[in-house]
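Structure file input-v4.pdb (PDB, C-alpha atoms and all ligand atoms) is printed below.
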ATOM      1  CA  ILE K   1     -25.906   2.433   7.425
ATOM      2  CA  PRO K   2     -24.717  -0.473   9.577
ATOM      3  CA  SER K   3     -28.055  -2.280   9.048
ATOM      4  CA  ARG K   4     -27.776  -1.770   5.258
ATOM      5  CA  ASN K   5     -24.308  -3.226   5.394
ATOM      6  CA  MET K   6     -25.608  -6.313   7.260
ATOM      7  CA  GLU K   7     -28.317  -6.812   4.677
ATOM      8  CA  CYS K   8     -25.723  -6.743   1.901
ATOM      9  CA  LYS K   9     -23.559  -9.259   3.691
ATOM     10  CA  THR K  10     -26.497 -11.635   4.169
ATOM     11  CA  LYS K  11     -27.564 -11.282   0.537
ATOM     12  CA  PHE K  12     -23.990 -11.923  -0.576
ATOM     13  CA  MET K  13     -23.729 -15.042   1.602
ATOM     14  CA  ILE K  14     -27.025 -16.447   0.359
ATOM     15  CA  THR K  15     -25.933 -15.855  -3.248
ATOM     16  CA  CYS K  16     -22.676 -17.625  -2.527
ATOM     17  CA  MET K  17     -24.444 -20.580  -0.947
ATOM     18  CA  LEU K  18     -26.856 -20.900  -3.843
ATOM     19  CA  PHE K  19     -23.974 -20.669  -6.300
ATOM     20  CA  THR K  20     -22.079 -23.411  -4.475
ATOM     21  CA  ILE K  21     -25.138 -25.679  -4.434
ATOM     22  CA  ILE K  22     -25.731 -25.167  -8.172
ATOM     23  CA  CYS K  23     -22.059 -25.697  -9.006
ATOM     24  CA  SER K  24     -21.734 -28.903  -7.000
ATOM     25  CA  SER K  25     -24.956 -30.354  -8.396
ATOM     26  CA  VAL K  26     -23.702 -29.743 -11.953
ATOM     27  CA  SER K  27     -20.256 -31.227 -11.380
ATOM     28  CA  SER K  28     -21.604 -34.272  -9.516
ATOM     29  CA  ASP K  29     -22.375 -35.942 -12.850
ATOM     30  CA  GLU K  30     -18.740 -36.652 -13.502
ATOM     31  CA  TRP K  31     -17.433 -39.086 -16.079
ATOM     32  CA  LYS K  32     -14.002 -40.625 -16.101
ATOM     33  CA  ALA K  33     -12.374 -43.122 -18.444
ATOM     34  CA  THR K  34      -9.277 -45.142 -17.758
ATOM     35  CA  VAL K  35      -7.517 -46.374 -20.858
ATOM     36  CA  VAL K  36      -4.073 -47.949 -20.938
ATOM     37  CA  LYS K  37      -1.703 -45.224 -22.288
ATOM     38  CA  SER K  38       0.348 -47.343 -24.656
ATOM     39  CA  ILE K  39       0.315 -50.976 -25.698
ATOM     40  CA  ASP K  40       2.477 -53.142 -27.977
ATOM     41  CA  ALA K  41       0.764 -54.527 -31.062
ATOM     42  CA  LEU K  42       2.221 -57.201 -33.320
ATOM     43  CA  VAL K  43       1.494 -56.597 -37.003
ATOM     44  CA  GLY K  44      -0.893 -59.266 -38.321
ATOM     45  CA  SER K  45      -2.019 -60.229 -34.820
ATOM     46  CA  CYS K  46      -4.664 -58.696 -32.568
ATOM     47  CA  VAL K  47      -4.592 -56.294 -29.649
ATOM     48  CA  VAL K  48      -7.017 -55.967 -26.734
ATOM     49  CA  VAL K  49      -6.995 -52.480 -25.179
ATOM     50  CA  PRO K  50      -8.167 -52.503 -21.533
ATOM     51  CA  CYS K  51     -10.562 -49.633 -20.854
ATOM     52  CA  SER K  52     -12.980 -48.771 -18.086
ATOM     53  CA  PHE K  53     -15.071 -45.718 -17.246
ATOM     54  CA  SER K  54     -17.094 -44.447 -14.371
ATOM     55  CA  HIS K  55     -19.982 -42.157 -13.792
ATOM     56  CA  THR K  56     -20.606 -40.597 -10.414
ATOM     57  CA  GLY K  57     -24.338 -40.737 -11.083
ATOM     58  CA  GLY K  58     -24.224 -44.504 -10.631
ATOM     59  CA  ASN K  59     -24.235 -47.332 -13.116
ATOM     60  CA  LEU K  60     -26.296 -46.873 -16.242
ATOM     61  CA  PRO K  61     -27.779 -49.700 -18.311
ATOM     62  CA  SER K  62     -26.026 -50.687 -21.575
ATOM     63  CA  SER K  63     -29.135 -49.697 -23.519
ATOM     64  CA  ARG K  64     -28.648 -46.053 -22.548
ATOM     65  CA  LEU K  65     -24.947 -45.996 -23.347
ATOM     66  CA  ARG K  66     -23.175 -45.859 -26.653
ATOM     67  CA  GLY K  67     -19.429 -46.440 -26.764
ATOM     68  CA  ILE K  68     -17.370 -45.052 -29.612
ATOM     69  CA  TRP K  69     -13.658 -45.269 -30.343
ATOM     70  CA  HIS K  70     -12.263 -42.616 -32.649
ATOM     71  CA  GLU K  71      -8.929 -41.263 -33.835
ATOM     72  CA  LYS K  72      -7.552 -38.542 -31.566
ATOM     73  CA  ASN K  73      -6.850 -36.054 -34.351
ATOM     74  CA  ASP K  74     -10.192 -36.589 -36.081
ATOM     75  CA  LYS K  75     -13.290 -37.038 -33.929
ATOM     76  CA  LYS K  76     -15.280 -38.001 -37.018
ATOM     77  CA  SER K  77     -12.928 -40.911 -37.757
ATOM     78  CA  ASN K  78     -14.525 -43.759 -35.862
ATOM     79  CA  ILE K  79     -12.547 -46.947 -35.592
ATOM     80  CA  TYR K  80     -15.409 -48.517 -33.630
ATOM     81  CA  HIS K  81     -19.101 -47.682 -33.573
ATOM     82  CA  GLU K  82     -22.114 -49.890 -32.920
ATOM     83  CA  ASP K  83     -23.342 -48.885 -36.363
ATOM     84  CA  PRO K  84     -20.801 -50.392 -38.830
ATOM     85  CA  ILE K  85     -21.644 -47.779 -41.465
ATOM     86  CA  LEU K  86     -20.091 -45.138 -39.208
ATOM     87  CA  ILE K  87     -16.743 -46.966 -38.997
ATOM     88  CA  LYS K  88     -13.806 -45.805 -41.116
ATOM     89  CA  ASP K  89     -13.305 -48.146 -44.096
ATOM     90  CA  ASP K  90      -9.891 -49.501 -43.124
ATOM     91  CA  PHE K  91     -11.189 -50.497 -39.673
ATOM     92  CA  LYS K  92     -14.443 -52.081 -40.825
ATOM     93  CA  GLY K  93     -14.768 -55.625 -39.513
ATOM     94  CA  ARG K  94     -11.571 -55.317 -37.459
ATOM     95  CA  THR K  95     -12.835 -53.760 -34.229
ATOM     96  CA  LYS K  96     -15.053 -55.150 -31.512
ATOM     97  CA  MET K  97     -16.243 -53.815 -28.151
ATOM     98  CA  LEU K  98     -15.341 -56.678 -25.805
ATOM     99  CA  GLY K  99     -16.400 -54.859 -22.649
ATOM    100  CA  GLU K 100     -19.947 -54.639 -21.344
ATOM    101  CA  LEU K 101     -20.788 -50.915 -21.273
ATOM    102  CA  GLY K 102     -23.344 -51.549 -18.519
ATOM    103  CA  GLN K 103     -20.476 -52.849 -16.381
ATOM    104  CA  ASN K 104     -18.416 -49.725 -17.155
ATOM    105  CA  ASN K 105     -16.112 -51.791 -19.356
ATOM    106  CA  CYS K 106     -15.039 -50.301 -22.703
ATOM    107  CA  THR K 107     -12.328 -52.851 -23.581
ATOM    108  CA  LEU K 108     -11.657 -52.812 -27.336
ATOM    109  CA  GLU K 109     -10.299 -55.518 -29.637
ATOM    110  CA  ILE K 110      -8.568 -54.701 -32.922
ATOM    111  CA  THR K 111      -7.729 -57.659 -35.178
ATOM    112  CA  GLN K 112      -5.401 -58.071 -38.196
ATOM    113  CA  ILE K 113      -3.197 -55.240 -36.961
ATOM    114  CA  ARG K 114      -1.695 -53.137 -39.743
ATOM    115  CA  ILE K 115       1.522 -51.154 -39.604
ATOM    116  CA  HIS K 116      -0.292 -47.770 -39.627
ATOM    117  CA  ASP K 117      -2.752 -48.577 -36.802
ATOM    118  CA  ASN K 118      -0.650 -46.512 -34.342
ATOM    119  CA  GLY K 119      -3.452 -44.298 -33.097
ATOM    120  CA  PRO K 120      -3.827 -42.573 -30.739
ATOM    121  CA  PHE K 121      -7.384 -43.834 -30.369
ATOM    122  CA  CYS K 122      -9.799 -42.391 -27.821
ATOM    123  CA  PHE K 123     -12.883 -43.689 -26.116
ATOM    124  CA  GLN K 124     -16.050 -41.645 -26.023
ATOM    125  CA  VAL K 125     -19.331 -42.518 -24.423
ATOM    126  CA  GLU K 126     -22.718 -41.142 -25.343
ATOM    127  CA  LEU K 127     -25.626 -41.125 -22.980
ATOM    128  CA  VAL K 128     -28.762 -41.757 -24.959
ATOM    129  CA  ARG K 129     -31.791 -39.914 -23.521
ATOM    130  CA  THR K 130     -34.916 -41.958 -23.934
ATOM    131  CA  GLU K 131     -37.346 -40.278 -21.494
ATOM    132  CA  ASN K 132     -38.599 -37.786 -24.054
ATOM    133  CA  ASN K 133     -38.871 -37.993 -27.801
ATOM    134  CA  ASP K 134     -36.170 -35.413 -28.162
ATOM    135  CA  PRO K 135     -33.274 -37.237 -29.803
ATOM    136  CA  THR K 136     -30.628 -34.965 -28.274
ATOM    137  CA  LYS K 137     -27.875 -36.802 -26.513
ATOM    138  CA  ASP K 138     -25.429 -35.897 -23.853
ATOM    139  CA  LYS K 139     -21.975 -36.557 -25.204
ATOM    140  CA  PHE K 140     -18.973 -37.124 -23.058
ATOM    141  CA  SER K 141     -15.611 -37.355 -24.659
ATOM    142  CA  PHE K 142     -12.492 -38.499 -22.854
ATOM    143  CA  VAL K 143      -9.878 -37.247 -25.224
ATOM    144  CA  GLU K 144      -7.396 -37.077 -22.386
ATOM    145  CA  ASP K 145      -7.566 -40.862 -22.122
ATOM    146  CA  CYS K 146      -6.382 -42.242 -25.383
ATOM    147  CA  VAL K 147      -4.251 -45.247 -26.279
ATOM    148  CA  GLU K 148      -1.257 -45.384 -28.558
ATOM    149  CA  LEU K 149      -0.270 -48.611 -30.297
ATOM    150  CA  ASN K 150       3.413 -49.474 -30.379
ATOM    151  CA  MET K 151       3.880 -51.327 -33.640
ATOM    152  CA  ILE K 152       5.998 -54.473 -33.518
ATOM    153  CA  THR K 153       6.930 -56.192 -36.783
ATOM    154  CA  GLU K 154       9.223 -58.912 -35.396
ATOM    155  CA  PRO K 155       7.512 -61.406 -33.083
ATOM    156  CA  PRO K 156       9.094 -61.517 -29.597
ATOM    157  CA  LYS K 157      11.318 -64.497 -28.833
ATOM    158  CA  PRO K 158      10.102 -66.910 -26.179
ATOM    159  CA  THR K 159      12.039 -67.121 -22.918
ATOM    160  CA  LEU K 160      13.300 -70.527 -21.805
ATOM    161  CA  ILE K 161      13.973 -71.486 -18.213
ATOM    162  CA  GLN K 162      15.596 -74.843 -17.566
ATOM    163  CA  PRO K 163      17.928 -76.545 -15.063
ATOM    164  CA  LYS K 164      21.549 -76.712 -16.346
ATOM    165  CA  THR K 165      21.770 -80.456 -16.648
ATOM    166  CA  ALA K 166      19.303 -83.281 -16.975
ATOM    167  CA  THR K 167      19.781 -86.670 -15.405
ATOM    168  CA  GLN K 168      19.180 -89.756 -17.482
ATOM    169  CA  GLY K 169      15.849 -91.352 -16.615
ATOM    170  CA  GLU K 170      14.696 -88.553 -14.323
ATOM    171  CA  PRO K 171      11.956 -85.970 -15.098
ATOM    172  CA  TYR K 172      13.373 -82.748 -16.528
ATOM    173  CA  ILE K 173      11.218 -79.604 -16.637
ATOM    174  CA  VAL K 174      11.608 -76.771 -19.158
ATOM    175  CA  THR K 175       9.454 -73.614 -19.126
ATOM    176  CA  CYS K 176       8.849 -71.573 -22.265
ATOM    177  CA  SER K 177       6.990 -68.274 -22.042
ATOM    178  CA  VAL K 178       6.083 -65.402 -24.270
ATOM    179  CA  ILE K 179       4.471 -62.009 -23.635
ATOM    180  CA  HIS K 180       1.710 -60.792 -25.930
ATOM    181  CA  THR K 181      -1.263 -58.401 -26.100
ATOM    182  CA  CYS K 182      -3.741 -60.618 -27.963
ATOM    183  CA  PRO K 183      -5.607 -62.614 -25.276
ATOM    184  CA  THR K 184      -8.505 -63.445 -27.617
ATOM    185  CA  HIS K 185      -6.221 -65.381 -29.998
ATOM    186  CA  VAL K 186      -3.335 -66.508 -27.776
ATOM    187  CA  PRO K 187       0.004 -67.618 -29.250
ATOM    188  CA  LYS K 188       0.630 -71.363 -29.549
ATOM    189  CA  LEU K 189       3.796 -72.756 -28.016
ATOM    190  CA  THR K 190       5.166 -75.975 -29.508
ATOM    191  CA  TRP K 191       8.163 -78.195 -28.725
ATOM    192  CA  ASN K 192      10.331 -80.285 -31.064
ATOM    193  CA  MET K 193      10.429 -83.157 -28.582
ATOM    194  CA  ASP K 194       7.933 -85.775 -27.491
ATOM    195  CA  SER K 195       7.173 -85.351 -23.859
ATOM    196  CA  THR K 196       5.446 -87.092 -21.062
ATOM    197  CA  LYS K 197       3.528 -83.944 -20.145
ATOM    198  CA  VAL K 198       2.893 -80.352 -21.333
ATOM    199  CA  ILE K 199       0.981 -77.816 -19.225
ATOM    200  CA  VAL K 200      -0.152 -74.476 -20.697
ATOM    201  CA  HIS K 201      -0.988 -71.364 -18.615
ATOM    202  CA  HIS K 202      -2.318 -67.932 -19.566
ATOM    203  CA  LYS K 203      -1.693 -65.084 -17.174
ATOM    204  CA  ASP K 204      -2.851 -61.446 -17.133
ATOM    205  CA  ILE K 205       0.269 -59.457 -16.261
ATOM    206  CA  LYS K 206      -1.561 -56.074 -16.313
ATOM    207  CA  HIS K 207      -1.658 -53.011 -18.566
ATOM    208  CA  GLY K 208      -2.912 -55.173 -21.437
ATOM    209  CA  ASN K 209       0.025 -57.580 -21.348
ATOM    210  CA  TRP K 210      -0.482 -61.326 -21.127
ATOM    211  CA  GLU K 211       1.887 -64.226 -20.675
ATOM    212  CA  THR K 212       1.468 -67.637 -22.292
ATOM    213  CA  GLN K 213       3.551 -70.334 -20.693
ATOM    214  CA  SER K 214       4.173 -73.958 -21.668
ATOM    215  CA  ILE K 215       5.802 -76.308 -19.183
ATOM    216  CA  LEU K 216       7.414 -79.384 -20.728
ATOM    217  CA  THR K 217       8.343 -82.464 -18.742
ATOM    218  CA  VAL K 218      10.599 -85.032 -20.403
ATOM    219  CA  ILE K 219      12.464 -88.080 -19.183
ATOM    220  CA  PRO K 220      15.734 -87.858 -21.111
ATOM    221  CA  GLU K 221      17.626 -90.909 -22.243
ATOM    222  CA  GLU K 222      21.347 -91.283 -22.833
ATOM    223  CA  LYS K 223      20.874 -90.644 -26.564
ATOM    224  CA  ASP K 224      19.270 -87.223 -25.848
ATOM    225  CA  ASP K 225      22.625 -85.805 -24.720
ATOM    226  CA  ASN K 226      23.554 -82.709 -26.805
ATOM    227  CA  ARG K 227      20.127 -82.674 -28.390
ATOM    228  CA  GLU K 228      18.717 -79.248 -29.327
ATOM    229  CA  ILE K 229      15.380 -78.483 -27.702
ATOM    230  CA  THR K 230      13.305 -75.790 -29.417
ATOM    231  CA  CYS K 231      10.195 -73.990 -28.247
ATOM    232  CA  THR K 232       8.380 -72.163 -31.042
ATOM    233  CA  ALA K 233       5.807 -69.452 -30.477
ATOM    234  CA  GLU K 234       3.256 -69.051 -33.244
ATOM    235  CA  PHE K 235       1.320 -65.804 -32.975
ATOM    236  CA  ASN K 236      -2.143 -65.007 -34.252
ATOM    237  CA  GLY K 237      -1.633 -64.067 -37.889
ATOM    238  CA  GLY K 238       1.043 -66.706 -38.408
ATOM    239  CA  LEU K 239       4.318 -65.061 -37.332
ATOM    240  CA  LYS K 240       6.634 -67.546 -35.608
ATOM    241  CA  SER K 241       9.665 -67.196 -33.366
ATOM    242  CA  PRO K 242      11.749 -70.055 -31.978
ATOM    243  CA  GLU K 243      14.168 -70.312 -29.072
ATOM    244  CA  THR K 244      16.631 -73.195 -28.656
ATOM    245  CA  PHE K 245      18.996 -74.650 -26.097
ATOM    246  CA  THR K 246      21.229 -77.737 -25.954
ATOM    247  CA  LEU K 247      20.284 -80.489 -23.562
ATOM    248  CA  HIS K 248      23.049 -81.969 -21.444
ATOM    249  CA  VAL K 249      22.183 -85.371 -20.022
ATOM    250  CA  LYS K 250      24.166 -86.719 -17.092
ATOM    251  CA  ARG K 251      24.490 -90.488 -17.355
ATOM    252  CA  ILE K 252      23.587 -92.632 -14.410
ATOM    253  CA  GLU K 253      26.583 -94.902 -13.652
ATOM    254  CA  ASN K 254      24.908 -98.243 -13.379
ATOM    255  CA  CYS K 255      26.814-101.466 -12.548
ATOM    256  CA  ASN K 256      25.880-103.438 -15.659
ATOM    257  CA  HIS K 257      29.276-102.943 -17.209
ATOM    258  CA  ILE K 258      30.847-104.652 -14.169
ATOM    259  CA  ILE K 259      28.139-107.181 -13.292
ATOM    260  CA  ILE K 260      27.613-108.696 -16.742
ATOM    261  CA  PRO K 261      31.282-109.574 -17.462
ATOM    262  CA  ALA K 262      31.654-110.792 -13.870
ATOM    263  CA  VAL K 263      28.632-113.079 -14.118
ATOM    264  CA  VAL K 264      29.835-114.368 -17.483
ATOM    265  CA  GLY K 265      33.358-114.924 -16.108
ATOM    266  CA  ILE K 266      32.220-116.702 -12.950
ATOM    267  CA  GLY K 267      29.740-118.806 -14.943
ATOM    268  CA  THR K 268      32.390-119.864 -17.420
ATOM    269  CA  ALA K 269      34.789-120.735 -14.633
ATOM    270  CA  LEU K 270      32.106-122.764 -12.840
ATOM    271  CA  LEU K 271      31.180-124.652 -15.984
ATOM    272  CA  PHE K 272      34.834-125.346 -16.698
ATOM    273  CA  GLY K 273      35.315-126.564 -13.134
ATOM    274  CA  ILE K 274      32.319-128.895 -13.336
ATOM    275  CA  PHE K 275      33.576-130.145 -16.663
ATOM    276  CA  CYS K 276      37.031-130.839 -15.195
ATOM    277  CA  ILE K 277      35.625-132.720 -12.239
ATOM    278  CA  PHE K 278      33.378-134.713 -14.525
ATOM    279  CA  MET K 279      36.263-135.551 -16.882
ATOM    280  CA  GLU K 280      38.474-136.547 -13.994
ATOM    281  CA  LYS K 281      35.811-138.889 -12.609
ATOM    282  CA  LYS K 282      35.235-140.374 -16.053
ATOM    283  CA  TYR K 283      38.982-140.864 -16.508
ATOM    284  CA  ASN K 284      39.288-142.601 -13.136
ATOM    285  CA  MET K 285      36.344-144.885 -13.960
ATOM    286  CA  TRP K 286      37.980-145.710 -17.280
ATOM    287  CA  ASN K 287      41.233-146.583 -15.558
ATOM    288  CA  ARG K 288      39.475-148.808 -13.071
ATOM    289  CA  LEU K 289      37.468-150.541 -15.779
ATOM    290  CA  SER K 290      40.508-151.110 -17.983
ATOM    291  CA  ARG K 291      42.445-152.536 -14.984
ATOM    292  CA  LEU K 292      39.539-154.883 -14.222
ATOM    293  CA  SER K 293      39.299-155.995 -17.834
ATOM    294  CA  ARG K 294      43.049-156.702 -17.920
ATOM    295  CA  ARG K 295      42.649-159.044 -14.951
TER     296      ARG K 295
HETATM  297  C1  LIG C 301     -13.586 -55.982 -19.302
HETATM  298  O1  LIG C 301     -13.924 -56.882 -20.336
HETATM  299  C2  LIG C 301     -12.874 -57.709 -20.775
HETATM  300  C3  LIG C 301     -13.356 -58.484 -21.985
HETATM  301  O2  LIG C 301     -14.528 -59.188 -21.728
HETATM  302  C4  LIG C 301     -12.428 -58.593 -19.620
HETATM  303  O3  LIG C 301     -11.372 -59.421 -20.031
HETATM  304  C5  LIG C 301     -11.979 -57.717 -18.475
HETATM  305  O4  LIG C 301     -11.635 -58.520 -17.380
HETATM  306  C6  LIG C 301     -13.078 -56.721 -18.082
HETATM  307  N1  LIG C 301     -12.520 -55.780 -17.123
HETATM  308  C7  LIG C 301     -13.035 -55.615 -15.916
HETATM  309  C8  LIG C 301     -12.356 -54.607 -15.079
HETATM  310  O5  LIG C 301     -14.002 -56.235 -15.539
END

Kindly transcribe the structure held in the file into structure tokens.
Amino acid sequence: IPSRNMECKTKFMITCMLFTIICSSVSSDEWKATVVKSIDALVGSCVVVPCSFSHTGGNLPSSRLRGIWHEKNDKKSNIYHEDPILIKDDFKGRTKMLGELGQNNCTLEITQIRIHDNGPFCFQVELVRTENNDPTKDKFSFVEDCVELNMITEPPKPTLIQPKTATQGEPYIVTCSVIHTCPTHVPKLTWNMDSTKVIVHHKDIKHGNWETQSILTVIPEEKDDNREITCTAEFNGGLKSPETFTLHVKRIENCNHIIIPAVVGIGTALLFGIFCIFMEKKYNMWNRLSRLSRR
């Protein structure tokens, strides 16, 4: 009996080991997608949804991968597919796969955002088997990684950063910035003032948010005191939002108002003095001449 028992134990262990090996080999082909959970989208503008995926079996070439974006509550409702016929009518021509699938990038662009484009939208990748003529595909769906669009109808106001006061004749720097989610058609920032210099920056501030910044340098004059400076952001689609502040210019106290009258005063006095001396000399000469003539 003890030997029977041993045999059972061994058999059981071998079965367990085999089972473990089979299980691990099956689960080693693991797929994962990382999609930003929620992103703001301005109606009329565009939105770029960051998305990436991974496959434990190593990188696969783009030709063997097919990326699809569909609505979460209807897997048949594609908002993006490489075959345009398979895209839902109201998304036709508005979606584009910006990411390279071969680089595990499934970043999606949606243009001309409409008020009902809320989503959620989910990414799904299909592995296309080409080794045999069998057209069956392995499908992997990442419904747990979907994105929701937060609809915004009013364009965000730009933020202005500026020193409290400007000094006449000295460079004055104002920064205007706006956050957006449409890096393929960035907002334009414009100023209502001629400047010596404008520098524009675009910065990725993560989770699909971008910042456009315009740095204005002006050399204010006395007449610019109390002038309103406006930075206007114009978003893709045409929506505009301005932000304004009042410029306060500190005058430089120069000495002209003292020097000019002083120079004029001294000059006049000098001229008058010279004139007096001249007249006196002339008068004396006259006297002498008239005395001589009398003799
Ligand atoms: C994915 O592709 C987009 C669009 O080309 C790009 O902006 C982004 O940097 C890429 N992401 C990664 C992680 O490479």

Output the neighbourhood of ligand LIG 301 (chain C) as an MDAnalysis selection string, that is, all protein and nucleic acid residues with some atom at most 6 Å from the ligand, counting all atoms listed in the file.
chainID K and resid 98:99 105 107

Using the chain letters and numbers from the file, which residues does the PyMOL selection byres (((chain K and resi 70) around 10) and not hetatm) grab, as a list in words?
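Selected by the PyMOL selection byres (((chain K and resi 70) around 10) and not hetatm) here: Ile68, Trp69, Glu71, Lys72, Asn73, Asp74, Lys75, Lys76, Ser77, Asn78, Ile79, Tyr80, His81, Ile87, Lys88, Gly119, Pro120, Phe121, Cys122, Phe123, Gln124, Val143 and Cys146 of chain K.
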
Picked residues, the PyMOL selection byres (((chain K and resi 232) around 8) and not hetatm), expected as a tab-separated table (two decimals) with C-alpha atoms, in the coordinates of the input:
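Okay, out-v8.tsv is ready:
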chain	number	residue	atom	x	y	z
K	158	PRO	CA	10.10	-66.91	-26.18
K	188	LYS	CA	0.63	-71.36	-29.55
K	189	LEU	CA	3.80	-72.76	-28.02
K	190	THR	CA	5.17	-75.97	-29.51
K	191	TRP	CA	8.16	-78.19	-28.72
K	230	THR	CA	13.30	-75.79	-29.42
K	231	CYS	CA	10.20	-73.99	-28.25
K	233	ALA	CA	5.81	-69.45	-30.48
K	234	GLU	CA	3.26	-69.05	-33.24
K	240	LYS	CA	6.63	-67.55	-35.61
K	241	SER	CA	9.66	-67.20	-33.37
K	242	PRO	CA	11.75	-70.06	-31.98
K	243	GLU	CA	14.17	-70.31	-29.07

Might I get the box with edges along x, y and z of the file that holds all atoms of stretch 239-253 of chain K listed there, padded by 3 Å on every side, given as centre and edge lengths in Å to one decimal, as lines of an AutoDock Vina configuration file?
center_x = 15.5
center_y = -80.0
center_z = -25.5
size_x = 28.3
size_y = 35.8
size_z = 29.7

Report, in Å with one decimal, the straight-line distance from atom CA of K:Val125 to atom CA of K:Leu42.
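Answer for the atom CA of K:Val125 to atom CA of K:Leu42 separation: 27.6 Å.
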
Closest of K:Glu82, K:Glu222, K:Asp89, K:Glu7 to K:Lys250 - atom-to-atom distances counting all atoms listed in the file
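Once distances to K:Lys250 are computed over all atoms listed in the file, the minimum belongs to K:Glu222.
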
Missing atoms in stretch 110-115 of chain K should be modelled up to all heavy atoms and reported as a PDB file, in the frame of the given file.
ATOM      1  N   ILE K 110      -8.859 -55.008 -31.516  1.00  0.00           N
ATOM      2  CA  ILE K 110      -8.568 -54.701 -32.922  1.00  0.00           C
ATOM      3  C   ILE K 110      -7.852 -55.932 -33.479  1.00  0.00           C
ATOM      4  O   ILE K 110      -6.876 -56.400 -32.893  1.00  0.00           O
ATOM      5  CB  ILE K 110      -7.668 -53.450 -33.093  1.00  0.00           C
ATOM      6  CG1 ILE K 110      -8.212 -52.257 -32.294  1.00  0.00           C
ATOM      7  CG2 ILE K 110      -7.518 -53.083 -34.574  1.00  0.00           C
ATOM      8  CD1 ILE K 110      -7.305 -51.035 -32.305  1.00  0.00           C
ATOM      9  N   THR K 111      -8.360 -56.471 -34.589  1.00  0.00           N
ATOM     10  CA  THR K 111      -7.729 -57.659 -35.178  1.00  0.00           C
ATOM     11  C   THR K 111      -6.989 -57.285 -36.460  1.00  0.00           C
ATOM     12  O   THR K 111      -7.149 -56.184 -36.982  1.00  0.00           O
ATOM     13  CB  THR K 111      -8.782 -58.745 -35.476  1.00  0.00           C
ATOM     14  OG1 THR K 111      -9.821 -58.165 -36.260  1.00  0.00           O
ATOM     15  CG2 THR K 111      -9.389 -59.311 -34.197  1.00  0.00           C
ATOM     16  N   GLN K 112      -6.198 -58.233 -36.952  1.00  0.00           N
ATOM     17  CA  GLN K 112      -5.401 -58.071 -38.196  1.00  0.00           C
ATOM     18  C   GLN K 112      -4.664 -56.733 -38.208  1.00  0.00           C
ATOM     19  O   GLN K 112      -4.779 -55.946 -39.161  1.00  0.00           O
ATOM     20  CB  GLN K 112      -6.303 -58.181 -39.427  1.00  0.00           C
ATOM     21  CG  GLN K 112      -6.970 -59.536 -39.582  1.00  0.00           C
ATOM     22  CD  GLN K 112      -8.226 -59.430 -40.434  1.00  0.00           C
ATOM     23  OE1 GLN K 112      -8.173 -58.966 -41.567  1.00  0.00           O
ATOM     24  NE2 GLN K 112      -9.362 -59.861 -39.892  1.00  0.00           N
ATOM     25  N   ILE K 113      -3.923 -56.502 -37.139  1.00  0.00           N
ATOM     26  CA  ILE K 113      -3.197 -55.240 -36.961  1.00  0.00           C
ATOM     27  C   ILE K 113      -2.355 -54.881 -38.186  1.00  0.00           C
ATOM     28  O   ILE K 113      -1.629 -55.726 -38.712  1.00  0.00           O
ATOM     29  CB  ILE K 113      -2.308 -55.324 -35.683  1.00  0.00           C
ATOM     30  CG1 ILE K 113      -3.166 -55.342 -34.417  1.00  0.00           C
ATOM     31  CG2 ILE K 113      -1.280 -54.198 -35.620  1.00  0.00           C
ATOM     32  CD1 ILE K 113      -3.908 -54.057 -34.129  1.00  0.00           C
ATOM     33  N   ARG K 114      -2.467 -53.645 -38.603  1.00  0.00           N
ATOM     34  CA  ARG K 114      -1.695 -53.137 -39.743  1.00  0.00           C
ATOM     35  C   ARG K 114      -0.677 -52.122 -39.237  1.00  0.00           C
ATOM     36  O   ARG K 114      -0.901 -51.479 -38.215  1.00  0.00           O
ATOM     37  CB  ARG K 114      -2.629 -52.471 -40.756  1.00  0.00           C
ATOM     38  CG  ARG K 114      -3.606 -53.472 -41.366  1.00  0.00           C
ATOM     39  CD  ARG K 114      -4.610 -52.785 -42.260  1.00  0.00           C
ATOM     40  NE  ARG K 114      -5.684 -53.723 -42.621  1.00  0.00           N
ATOM     41  CZ  ARG K 114      -6.813 -53.348 -43.204  1.00  0.00           C
ATOM     42  NH1 ARG K 114      -7.012 -52.079 -43.479  1.00  0.00           N
ATOM     43  NH2 ARG K 114      -7.743 -54.237 -43.506  1.00  0.00           N
ATOM     44  N   ILE K 115       0.392 -51.974 -40.017  1.00  0.00           N
ATOM     45  CA  ILE K 115       1.522 -51.154 -39.604  1.00  0.00           C
ATOM     46  C   ILE K 115       1.144 -49.699 -39.276  1.00  0.00           C
ATOM     47  O   ILE K 115       1.787 -49.047 -38.461  1.00  0.00           O
ATOM     48  CB  ILE K 115       2.660 -51.242 -40.659  1.00  0.00           C
ATOM     49  CG1 ILE K 115       3.980 -50.650 -40.149  1.00  0.00           C
ATOM     50  CG2 ILE K 115       2.271 -50.580 -41.992  1.00  0.00           C
ATOM     51  CD1 ILE K 115       4.836 -51.615 -39.407  1.00  0.00           C
TER      52      ILE K 115
END
